[in-house]
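Peer 1: My file is model-v5.cif. It has mmCIF, C-alpha atoms:
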```cif
data_my_file
#
loop_
_atom_site.group_PDB
_atom_site.id
_atom_site.type_symbol
_atom_site.label_atom_id
_atom_site.label_comp_id
_atom_site.auth_asym_id
_atom_site.auth_seq_id
_atom_site.Cartn_x
_atom_site.Cartn_y
_atom_site.Cartn_z
ATOM 1 C CA MET A 1 -67.356 -36.522 -8.195
ATOM 2 C CA PRO A 2 -70.883 -35.428 -7.531
ATOM 3 C CA SER A 3 -72.556 -33.362 -10.170
ATOM 4 C CA GLU A 4 -74.142 -30.998 -7.641
ATOM 5 C CA PRO A 5 -72.081 -29.255 -4.920
ATOM 6 C CA ASP A 6 -72.881 -30.211 -1.335
ATOM 7 C CA LYS A 7 -75.167 -27.514 0.110
ATOM 8 C CA ASP A 8 -73.865 -28.004 3.658
ATOM 9 C CA VAL A 9 -70.217 -27.504 2.677
ATOM 10 C CA TYR A 10 -70.638 -24.753 0.067
ATOM 11 C CA ARG A 11 -73.332 -22.481 1.385
ATOM 12 C CA GLU A 12 -74.932 -20.019 -1.015
ATOM 13 C CA PRO A 13 -74.521 -16.313 -0.278
ATOM 14 C CA PRO A 14 -77.603 -14.471 0.889
ATOM 15 C CA SER A 15 -79.812 -13.332 -1.949
ATOM 16 C CA ARG A 16 -79.962 -9.734 -0.698
ATOM 17 C CA THR A 17 -77.506 -7.903 1.491
ATOM 18 C CA PRO A 18 -79.270 -5.696 3.993
ATOM 19 C CA ALA A 19 -78.444 -1.997 4.081
ATOM 20 C CA PRO A 20 -76.413 -0.866 7.073
ATOM 21 C CA ASN A 21 -78.586 0.466 9.820
ATOM 22 C CA PRO A 22 -76.867 3.393 11.555
ATOM 23 C CA GLN A 23 -77.301 3.311 15.323
ATOM 24 C CA THR A 24 -77.191 7.099 15.645
ATOM 25 C CA THR A 25 -78.127 10.131 13.602
ATOM 26 C CA ALA A 26 -74.939 12.050 14.563
ATOM 27 C CA PRO A 27 -72.463 12.555 11.712
ATOM 28 C CA ASN A 28 -69.373 10.399 11.598
ATOM 29 C CA PRO A 29 -66.315 12.369 12.830
ATOM 30 C CA LEU A 30 -64.064 10.509 10.398
ATOM 31 C CA ASP A 31 -66.043 11.905 7.475
ATOM 32 C CA PHE A 32 -65.546 15.403 8.872
ATOM 33 C CA ILE A 33 -61.773 14.869 9.374
ATOM 34 C CA GLU A 34 -61.479 13.410 5.882
ATOM 35 C CA THR A 35 -63.251 16.426 4.343
ATOM 36 C CA VAL A 36 -61.104 18.904 6.279
ATOM 37 C CA PHE A 37 -57.924 17.095 5.241
ATOM 38 C CA TYR A 38 -59.025 17.082 1.586
ATOM 39 C CA TYR A 39 -59.731 20.836 1.456
ATOM 40 C CA ALA A 40 -56.883 21.936 3.763
ATOM 41 C CA VAL A 41 -54.031 19.735 2.525
ATOM 42 C CA ASP A 42 -54.752 17.519 -0.453
ATOM 43 C CA ARG A 43 -56.597 19.993 -2.701
ATOM 44 C CA PRO A 44 -54.064 22.889 -2.406
ATOM 45 C CA VAL A 45 -51.114 20.566 -2.943
ATOM 46 C CA SER A 46 -52.776 18.996 -5.988
ATOM 47 C CA LEU A 47 -53.618 22.403 -7.466
ATOM 48 C CA TRP A 48 -50.064 23.639 -6.868
ATOM 49 C CA ARG A 49 -48.587 20.543 -8.551
ATOM 50 C CA GLU A 50 -50.908 20.873 -11.563
ATOM 51 C CA TRP A 51 -49.931 24.546 -11.924
ATOM 52 C CA ILE A 52 -46.214 23.652 -11.795
ATOM 53 C CA GLU A 53 -46.710 20.906 -14.391
ATOM 54 C CA ARG A 54 -48.492 23.365 -16.697
ATOM 55 C CA GLN A 55 -45.579 25.796 -16.371
ATOM 56 C CA HIS A 56 -43.079 23.059 -17.154
ATOM 57 C CA ALA A 57 -45.126 21.922 -20.140
ATOM 58 C CA LYS A 58 -44.838 25.416 -21.640
ATOM 59 C CA ASN A 59 -41.041 25.537 -21.312
ATOM 60 C CA ARG A 60 -40.108 21.952 -21.983
ATOM 61 C CA ILE A 61 -36.379 21.343 -22.354
ATOM 62 C CA TYR A 62 -35.264 18.053 -23.822
ATOM 63 C CA TYR A 63 -32.022 16.600 -22.521
ATOM 64 C CA TYR A 64 -30.936 13.773 -24.770
ATOM 65 C CA HIS A 65 -27.250 13.660 -23.959
ATOM 66 C CA GLN A 66 -24.476 15.969 -22.948
ATOM 67 C CA LYS A 67 -22.646 17.509 -25.876
ATOM 68 C CA PHE A 68 -18.931 17.939 -25.403
ATOM 69 C CA PRO A 69 -16.935 20.191 -27.725
ATOM 70 C CA ARG A 70 -14.277 18.363 -29.701
ATOM 71 C CA ILE A 71 -10.860 18.647 -28.099
ATOM 72 C CA PRO A 72 -7.633 18.546 -30.145
ATOM 73 C CA ASP A 73 -5.828 15.217 -29.965
ATOM 74 C CA LEU A 74 -2.359 14.621 -28.534
ATOM 75 C CA THR A 75 -0.594 15.544 -31.783
ATOM 76 C CA GLN A 76 -1.874 19.122 -31.488
ATOM 77 C CA CYS A 77 -0.864 19.625 -27.820
ATOM 78 C CA LEU A 78 2.250 21.603 -26.950
ATOM 79 C CA GLU A 79 5.124 19.913 -25.160
ATOM 80 C CA ASP A 80 4.385 20.986 -21.567
ATOM 81 C CA ASP A 81 0.620 21.555 -21.864
ATOM 82 C CA TYR A 82 -0.644 19.078 -19.269
ATOM 83 C CA VAL A 83 -4.172 20.428 -19.375
ATOM 84 C CA CYS A 84 -4.270 19.694 -23.106
ATOM 85 C CA PHE A 85 -2.910 16.198 -22.420
ATOM 86 C CA TYR A 86 -5.685 15.589 -19.879
ATOM 87 C CA GLU A 87 -8.401 16.949 -22.181
ATOM 88 C CA ALA A 88 -7.126 14.822 -25.065
ATOM 89 C CA GLU A 89 -7.150 11.776 -22.795
ATOM 90 C CA MET A 90 -10.757 12.444 -21.745
ATOM 91 C CA GLN A 91 -11.750 12.972 -25.394
ATOM 92 C CA TRP A 92 -10.105 9.652 -26.289
ATOM 93 C CA LYS A 93 -12.012 7.888 -23.493
ATOM 94 C CA ARG A 94 -15.317 9.345 -24.725
ATOM 95 C CA ASP A 95 -14.485 8.288 -28.285
ATOM 96 C CA PHE A 96 -13.585 4.828 -27.019
ATOM 97 C CA LEU A 97 -16.940 4.460 -25.248
ATOM 98 C CA VAL A 98 -18.825 5.756 -28.286
ATOM 99 C CA ASP A 99 -17.015 3.305 -30.561
ATOM 100 C CA GLN A 100 -17.837 0.456 -28.168
ATOM 101 C CA GLU A 101 -21.517 1.398 -28.271
ATOM 102 C CA ILE A 102 -21.442 1.565 -32.073
ATOM 103 C CA VAL A 103 -20.051 -1.966 -32.230
ATOM 104 C CA LYS A 104 -22.700 -3.168 -29.746
ATOM 105 C CA ILE A 105 -25.538 -1.588 -31.723
ATOM 106 C CA ILE A 106 -24.370 -3.067 -35.025
ATOM 107 C CA GLN A 107 -23.934 -6.451 -33.331
ATOM 108 C CA GLU A 108 -27.467 -6.257 -31.904
ATOM 109 C CA ARG A 109 -28.834 -5.405 -35.357
ATOM 110 C CA LEU A 110 -27.045 -8.410 -36.825
ATOM 111 C CA GLY A 111 -28.365 -10.658 -34.047
ATOM 112 C CA ALA A 112 -31.904 -9.365 -34.551
ATOM 113 C CA CYS A 113 -31.657 -9.986 -38.285
ATOM 114 C CA LYS A 114 -30.386 -13.517 -37.685
ATOM 115 C CA GLN A 115 -33.217 -14.160 -35.238
ATOM 116 C CA ARG A 116 -35.809 -12.731 -37.621
ATOM 117 C CA GLU A 117 -34.595 -14.515 -40.746
ATOM 118 C CA GLY A 118 -33.878 -17.905 -39.202
ATOM 119 C CA THR A 119 -32.081 -20.393 -41.443
ATOM 120 C CA SER A 120 -31.882 -18.022 -44.412
ATOM 121 C CA HIS A 121 -29.951 -15.375 -42.492
ATOM 122 C CA LEU A 122 -26.810 -15.798 -44.592
ATOM 123 C CA GLU A 123 -28.561 -14.461 -47.693
ATOM 124 C CA ASN A 124 -30.914 -11.948 -46.075
ATOM 125 C CA CYS A 125 -28.514 -10.451 -43.528
ATOM 126 C CA ALA A 126 -25.515 -10.012 -45.807
ATOM 127 C CA THR A 127 -25.517 -6.208 -45.561
ATOM 128 C CA GLU A 128 -25.692 -6.283 -41.757
ATOM 129 C CA LEU A 129 -22.910 -8.870 -41.648
ATOM 130 C CA GLN A 130 -20.711 -6.798 -43.970
ATOM 131 C CA GLN A 131 -21.387 -3.661 -41.904
ATOM 132 C CA PHE A 132 -20.525 -5.522 -38.695
ATOM 133 C CA LYS A 133 -17.272 -6.819 -40.207
ATOM 134 C CA GLU A 134 -16.259 -3.298 -41.254
ATOM 135 C CA VAL A 135 -17.089 -1.769 -37.880
ATOM 136 C CA ALA A 136 -15.378 -4.566 -35.945
ATOM 137 C CA GLN A 137 -12.266 -4.318 -38.140
ATOM 138 C CA ALA A 138 -12.085 -0.545 -37.641
ATOM 139 C CA TYR A 139 -12.494 -1.017 -33.884
ATOM 140 C CA ARG A 140 -9.753 -3.678 -33.836
ATOM 141 C CA ASP A 141 -7.437 -1.483 -35.890
ATOM 142 C CA ARG A 142 -7.828 1.423 -33.522
ATOM 143 C CA TYR A 143 -8.182 -0.184 -30.089
ATOM 144 C CA GLY A 144 -7.014 -3.783 -30.487
ATOM 145 C CA GLU A 145 -4.078 -4.973 -28.379
ATOM 146 C CA LEU A 146 -4.105 -1.869 -26.176
ATOM 147 C CA GLY A 147 -4.904 -3.915 -23.107
ATOM 148 C CA ALA A 148 -6.947 -2.948 -20.094
ATOM 149 C CA HIS A 149 -4.906 0.187 -19.412
ATOM 150 C CA GLY A 150 -4.970 1.625 -22.923
ATOM 151 C CA ASN A 151 -4.908 5.379 -23.238
ATOM 152 C CA ALA A 152 -4.637 8.071 -25.880
ATOM 153 C CA ARG A 153 -0.835 7.968 -26.005
ATOM 154 C CA THR A 154 -0.587 4.192 -26.555
ATOM 155 C CA CYS A 155 -3.360 4.378 -29.145
ATOM 156 C CA LEU A 156 -1.496 7.152 -30.964
ATOM 157 C CA MET A 157 1.747 5.151 -30.889
ATOM 158 C CA LYS A 158 -0.067 2.098 -32.234
ATOM 159 C CA GLN A 159 -1.476 4.187 -35.082
ATOM 160 C CA LYS A 160 1.992 5.603 -35.806
ATOM 161 C CA HIS A 161 3.575 2.128 -35.920
ATOM 162 C CA ARG A 162 0.803 0.877 -38.208
ATOM 163 C CA MET A 163 1.336 3.802 -40.603
ATOM 164 C CA ILE A 164 5.106 3.178 -40.663
ATOM 165 C CA ALA A 165 4.517 -0.512 -41.413
ATOM 166 C CA GLU A 166 2.103 0.399 -44.222
ATOM 167 C CA ARG A 167 4.683 2.768 -45.754
ATOM 168 C CA LYS A 168 7.365 0.082 -45.588
ATOM 169 C CA ALA A 169 5.026 -2.457 -47.198
ATOM 170 C CA ALA A 170 4.092 0.023 -49.938
ATOM 171 C CA ALA A 171 7.775 0.830 -50.578
ATOM 172 C CA ALA A 172 8.644 -2.870 -50.764
ATOM 173 C CA ALA A 173 5.779 -3.558 -53.139
ATOM 174 C CA ALA A 174 6.640 -0.678 -55.496
ATOM 175 C CA PRO A 175 8.849 -1.708 -58.374
ATOM 176 C CA GLU A 176 12.327 -0.259 -58.295
ATOM 177 C CA ALA A 177 12.957 2.042 -61.206
#
```
Translate the structure described by the file into structure tokens.
Peer 2:
Amino acid sequence: MPSEPDKDVYREPPSRTPAPNPQTTAPNPLDFIETVFYYAVDRPVSLWREWIERQHAKNRIYYYHQKFPRIPDLTQCLEDDYVCFYEAEMQWKRDFLVDQEIVKIIQERLGACKQREGTSHLENCATELQQFKEVAQAYRDRYGELGAHGNARTCLMKQKHRMIAERKAAAAAAPEA
């Protein structure tokens, strides 16, 4: 490779760029059109938008999430109250989604702690691991084995069967007097 670039191949730019020499003294019509557009269209629209933004800044409303009132569950619905059944079902679905998100967040925290701590994550992430185990166990107790078409009624029946089994186990474990 040569140490100096070849002057014929890589020409140097001119040392001074000459100023443009206008051929006429008449004003450019594009400059006139541009100025008219700025004052007739762009400037009023920009001023209007800035005024609207100032008004919105005064009365700022923060929407974080929609708040639903708590609906009674299926045990509190009357026998033929189908609207109550529907509302309880929708409340159960919202609770189900919230519980899923809680499990995801705790799992992400545990994963972040494991990533941050590296090989010593067993000692340093014990609280996150314990919290994840508790949350996952509660989720499994409530929603486990419901299947893809789980609903409020099957969840309630599962809870009822679990409570009956716990009573039977407690009665069997109690000493007979």
Peer 1: One decimal, Å: what's the distance from atom CA of Gly147 of chain A over to atom CA of Val83 of chain A, could you say?
Peer 2: 24.6 Å
Peer 1: How many Å lie between atom CA of Ala170 of chain A and atom CA of Tyr143 of chain A, rounded to one decimal?
Peer 2: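 Atom CA of Tyr143 of chain A lies at a distance of 23.3 Å from atom CA of Ala170 of chain A.
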Peer 1: Give the padded box for segment 44-48 of chain A as JSON: axis-aligned, covering all atoms listed in the file, 4 Å on each side, centre and edge lengths in Å to one decimal.
Peer 2:
```
{"center_x": -52.1, "center_y": 21.3, "center_z": -4.9, "size_x": 12.0, "size_y": 12.6, "size_z": 13.1}
```
Peer 1: Applied to this file, what does the PyMOL selection byres ((chain A and resi 85) around 10) return in terms of residues, put as a list of chain:residue names?
Peer 2: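 Expected selection for the PyMOL selection byres ((chain A and resi 85) around 10) here is A:Pro72, A:Asp73, A:Leu74, A:Thr75, A:Gln76, A:Cys77, A:Leu78, A:Glu79, A:Asp80, A:Asp81, A:Tyr82, A:Val83, A:Cys84, A:Tyr86, A:Glu87, A:Ala88, A:Glu89, A:Met90, A:Gln91, A:Ala152, A:Arg153.
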Peer 1: To one decimal place, how far is atom CA of Arg109 of chain A from atom CA of Glu128 of chain A in Å?
Peer 2: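 Rounded to one decimal, the two atoms are 7.2 Å apart.
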Peer 1: Starting from the PyMOL selection byres ((chain A and resi 132) around 8), expand the selection into actual residues of this file and give them as a list of chain:residue names.
Peer 2: A:Val103, A:Ile106, A:Gln107, A:Leu110, A:Glu128, A:Leu129, A:Gln130, A:Gln131, A:Lys133, A:Glu134, A:Val135, A:Ala136
Peer 1: Which residue out of A:Ile102, A:Val36, A:Val9, A:Val45 has the minimum interatomic distance to Ala138 of chain A when only C-alpha atoms are used?
Peer 2: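 Between A:Ile102, A:Val36, A:Val9, A:Val45, the residue approaching Ala138 of chain A most closely is A:Ile102.
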Peer 1: Using all atoms listed in the file, which residue out of A:Asn28, A:Thr127, A:Tyr139, A:Ala40 lies closest to Leu97 of chain A?
Peer 2: A:Tyr139
Peer 1: Applying 12 Å and all atoms listed in the file, which residues near Thr154 of chain A remain after dropping the ones on its own chain fewer than 2 positions away? List them as a ChimeraX atom specification.
Peer 2: /A:74,89,92,142-152,156-161
Peer 1: Could segment 47-76 of chain A be completed with N, CA and C atoms and written as a PDB file, in the frame of the given file, please?
Peer 2:
```
ATOM      1  N   LEU A  47     -53.520  21.238  -6.582  1.00  0.00           N
ATOM      2  CA  LEU A  47     -53.618  22.403  -7.466  1.00  0.00           C
ATOM      3  C   LEU A  47     -52.245  23.007  -7.739  1.00  0.00           C
ATOM      4  N   TRP A  48     -51.414  23.111  -6.696  1.00  0.00           N
ATOM      5  CA  TRP A  48     -50.064  23.639  -6.868  1.00  0.00           C
ATOM      6  C   TRP A  48     -49.251  22.764  -7.822  1.00  0.00           C
ATOM      7  N   ARG A  49     -49.334  21.462  -7.668  1.00  0.00           N
ATOM      8  CA  ARG A  49     -48.587  20.543  -8.551  1.00  0.00           C
ATOM      9  C   ARG A  49     -49.074  20.656  -9.992  1.00  0.00           C
ATOM     10  N   GLU A  50     -50.384  20.728 -10.206  1.00  0.00           N
ATOM     11  CA  GLU A  50     -50.908  20.873 -11.563  1.00  0.00           C
ATOM     12  C   GLU A  50     -50.448  22.180 -12.192  1.00  0.00           C
ATOM     13  N   TRP A  51     -50.405  23.259 -11.391  1.00  0.00           N
ATOM     14  CA  TRP A  51     -49.931  24.546 -11.924  1.00  0.00           C
ATOM     15  C   TRP A  51     -48.463  24.456 -12.318  1.00  0.00           C
ATOM     16  N   ILE A  52     -47.636  23.826 -11.484  1.00  0.00           N
ATOM     17  CA  ILE A  52     -46.214  23.652 -11.795  1.00  0.00           C
ATOM     18  C   ILE A  52     -46.048  22.817 -13.060  1.00  0.00           C
ATOM     19  N   GLU A  53     -46.814  21.747 -13.193  1.00  0.00           N
ATOM     20  CA  GLU A  53     -46.710  20.906 -14.391  1.00  0.00           C
ATOM     21  C   GLU A  53     -47.119  21.671 -15.645  1.00  0.00           C
ATOM     22  N   ARG A  54     -48.119  22.547 -15.542  1.00  0.00           N
ATOM     23  CA  ARG A  54     -48.492  23.365 -16.697  1.00  0.00           C
ATOM     24  C   ARG A  54     -47.368  24.318 -17.074  1.00  0.00           C
ATOM     25  N   GLN A  55     -46.691  24.885 -16.081  1.00  0.00           N
ATOM     26  CA  GLN A  55     -45.579  25.796 -16.371  1.00  0.00           C
ATOM     27  C   GLN A  55     -44.424  25.046 -17.029  1.00  0.00           C
ATOM     28  N   HIS A  56     -44.156  23.857 -16.559  1.00  0.00           N
ATOM     29  CA  HIS A  56     -43.079  23.059 -17.154  1.00  0.00           C
ATOM     30  C   HIS A  56     -43.437  22.616 -18.564  1.00  0.00           C
ATOM     31  N   ALA A  57     -44.714  22.354 -18.808  1.00  0.00           N
ATOM     32  CA  ALA A  57     -45.126  21.922 -20.140  1.00  0.00           C
ATOM     33  C   ALA A  57     -44.928  23.039 -21.165  1.00  0.00           C
ATOM     34  N   LYS A  58     -45.042  24.289 -20.725  1.00  0.00           N
ATOM     35  CA  LYS A  58     -44.838  25.416 -21.640  1.00  0.00           C
ATOM     36  C   LYS A  58     -43.370  25.546 -22.031  1.00  0.00           C
ATOM     37  N   ASN A  59     -42.482  25.337 -21.091  1.00  0.00           N
ATOM     38  CA  ASN A  59     -41.041  25.537 -21.312  1.00  0.00           C
ATOM     39  C   ASN A  59     -40.304  24.211 -21.244  1.00  0.00           C
ATOM     40  N   ARG A  60     -40.711  23.279 -22.035  1.00  0.00           N
ATOM     41  CA  ARG A  60     -40.108  21.952 -21.983  1.00  0.00           C
ATOM     42  C   ARG A  60     -38.714  22.000 -22.603  1.00  0.00           C
ATOM     43  N   ILE A  61     -37.749  21.437 -21.876  1.00  0.00           N
ATOM     44  CA  ILE A  61     -36.379  21.343 -22.354  1.00  0.00           C
ATOM     45  C   ILE A  61     -36.055  19.865 -22.456  1.00  0.00           C
ATOM     46  N   TYR A  62     -35.581  19.458 -23.609  1.00  0.00           N
ATOM     47  CA  TYR A  62     -35.264  18.053 -23.822  1.00  0.00           C
ATOM     48  C   TYR A  62     -33.762  17.850 -23.639  1.00  0.00           C
ATOM     49  N   TYR A  63     -33.413  16.950 -22.744  1.00  0.00           N
ATOM     50  CA  TYR A  63     -32.022  16.600 -22.521  1.00  0.00           C
ATOM     51  C   TYR A  63     -31.804  15.197 -23.064  1.00  0.00           C
ATOM     52  N   TYR A  64     -31.198  15.086 -24.210  1.00  0.00           N
ATOM     53  CA  TYR A  64     -30.936  13.773 -24.770  1.00  0.00           C
ATOM     54  C   TYR A  64     -29.590  13.261 -24.290  1.00  0.00           C
ATOM     55  N   HIS A  65     -28.560  14.034 -24.455  1.00  0.00           N
ATOM     56  CA  HIS A  65     -27.250  13.660 -23.959  1.00  0.00           C
ATOM     57  C   HIS A  65     -26.400  14.919 -23.875  1.00  0.00           C
ATOM     58  N   GLN A  66     -25.357  14.827 -23.106  1.00  0.00           N
ATOM     59  CA  GLN A  66     -24.476  15.969 -22.948  1.00  0.00           C
ATOM     60  C   GLN A  66     -23.600  16.087 -24.180  1.00  0.00           C
ATOM     61  N   LYS A  67     -23.474  17.290 -24.698  1.00  0.00           N
ATOM     62  CA  LYS A  67     -22.646  17.509 -25.876  1.00  0.00           C
ATOM     63  C   LYS A  67     -21.330  18.134 -25.442  1.00  0.00           C
ATOM     64  N   PHE A  68     -20.251  17.442 -25.725  1.00  0.00           N
ATOM     65  CA  PHE A  68     -18.931  17.939 -25.403  1.00  0.00           C
ATOM     66  C   PHE A  68     -18.320  18.545 -26.661  1.00  0.00           C
ATOM     67  N   PRO A  69     -17.641  19.669 -26.550  1.00  0.00           N
ATOM     68  CA  PRO A  69     -16.935  20.191 -27.725  1.00  0.00           C
ATOM     69  C   PRO A  69     -15.743  19.295 -28.046  1.00  0.00           C
ATOM     70  N   ARG A  70     -15.418  19.193 -29.313  1.00  0.00           N
ATOM     71  CA  ARG A  70     -14.277  18.363 -29.701  1.00  0.00           C
ATOM     72  C   ARG A  70     -12.989  19.015 -29.216  1.00  0.00           C
ATOM     73  N   ILE A  71     -12.138  18.198 -28.639  1.00  0.00           N
ATOM     74  CA  ILE A  71     -10.860  18.647 -28.099  1.00  0.00           C
ATOM     75  C   ILE A  71      -9.770  18.193 -29.072  1.00  0.00           C
ATOM     76  N   PRO A  72      -8.721  19.006 -29.280  1.00  0.00           N
ATOM     77  CA  PRO A  72      -7.633  18.546 -30.145  1.00  0.00           C
ATOM     78  C   PRO A  72      -6.973  17.285 -29.572  1.00  0.00           C
ATOM     79  N   ASP A  73      -6.464  16.443 -30.451  1.00  0.00           N
ATOM     80  CA  ASP A  73      -5.828  15.217 -29.965  1.00  0.00           C
ATOM     81  C   ASP A  73      -4.398  15.508 -29.524  1.00  0.00           C
ATOM     82  N   LEU A  74      -3.701  14.455 -29.108  1.00  0.00           N
ATOM     83  CA  LEU A  74      -2.359  14.621 -28.534  1.00  0.00           C
ATOM     84  C   LEU A  74      -1.365  15.226 -29.514  1.00  0.00           C
ATOM     85  N   THR A  75      -1.555  15.019 -30.805  1.00  0.00           N
ATOM     86  CA  THR A  75      -0.594  15.544 -31.783  1.00  0.00           C
ATOM     87  C   THR A  75      -0.642  17.066 -31.857  1.00  0.00           C
ATOM     88  N   GLN A  76      -1.737  17.671 -31.410  1.00  0.00           N
ATOM     89  CA  GLN A  76      -1.874  19.122 -31.488  1.00  0.00           C
ATOM     90  C   GLN A  76      -1.558  19.810 -30.162  1.00  0.00           C
TER      91      GLN A  76
END
```
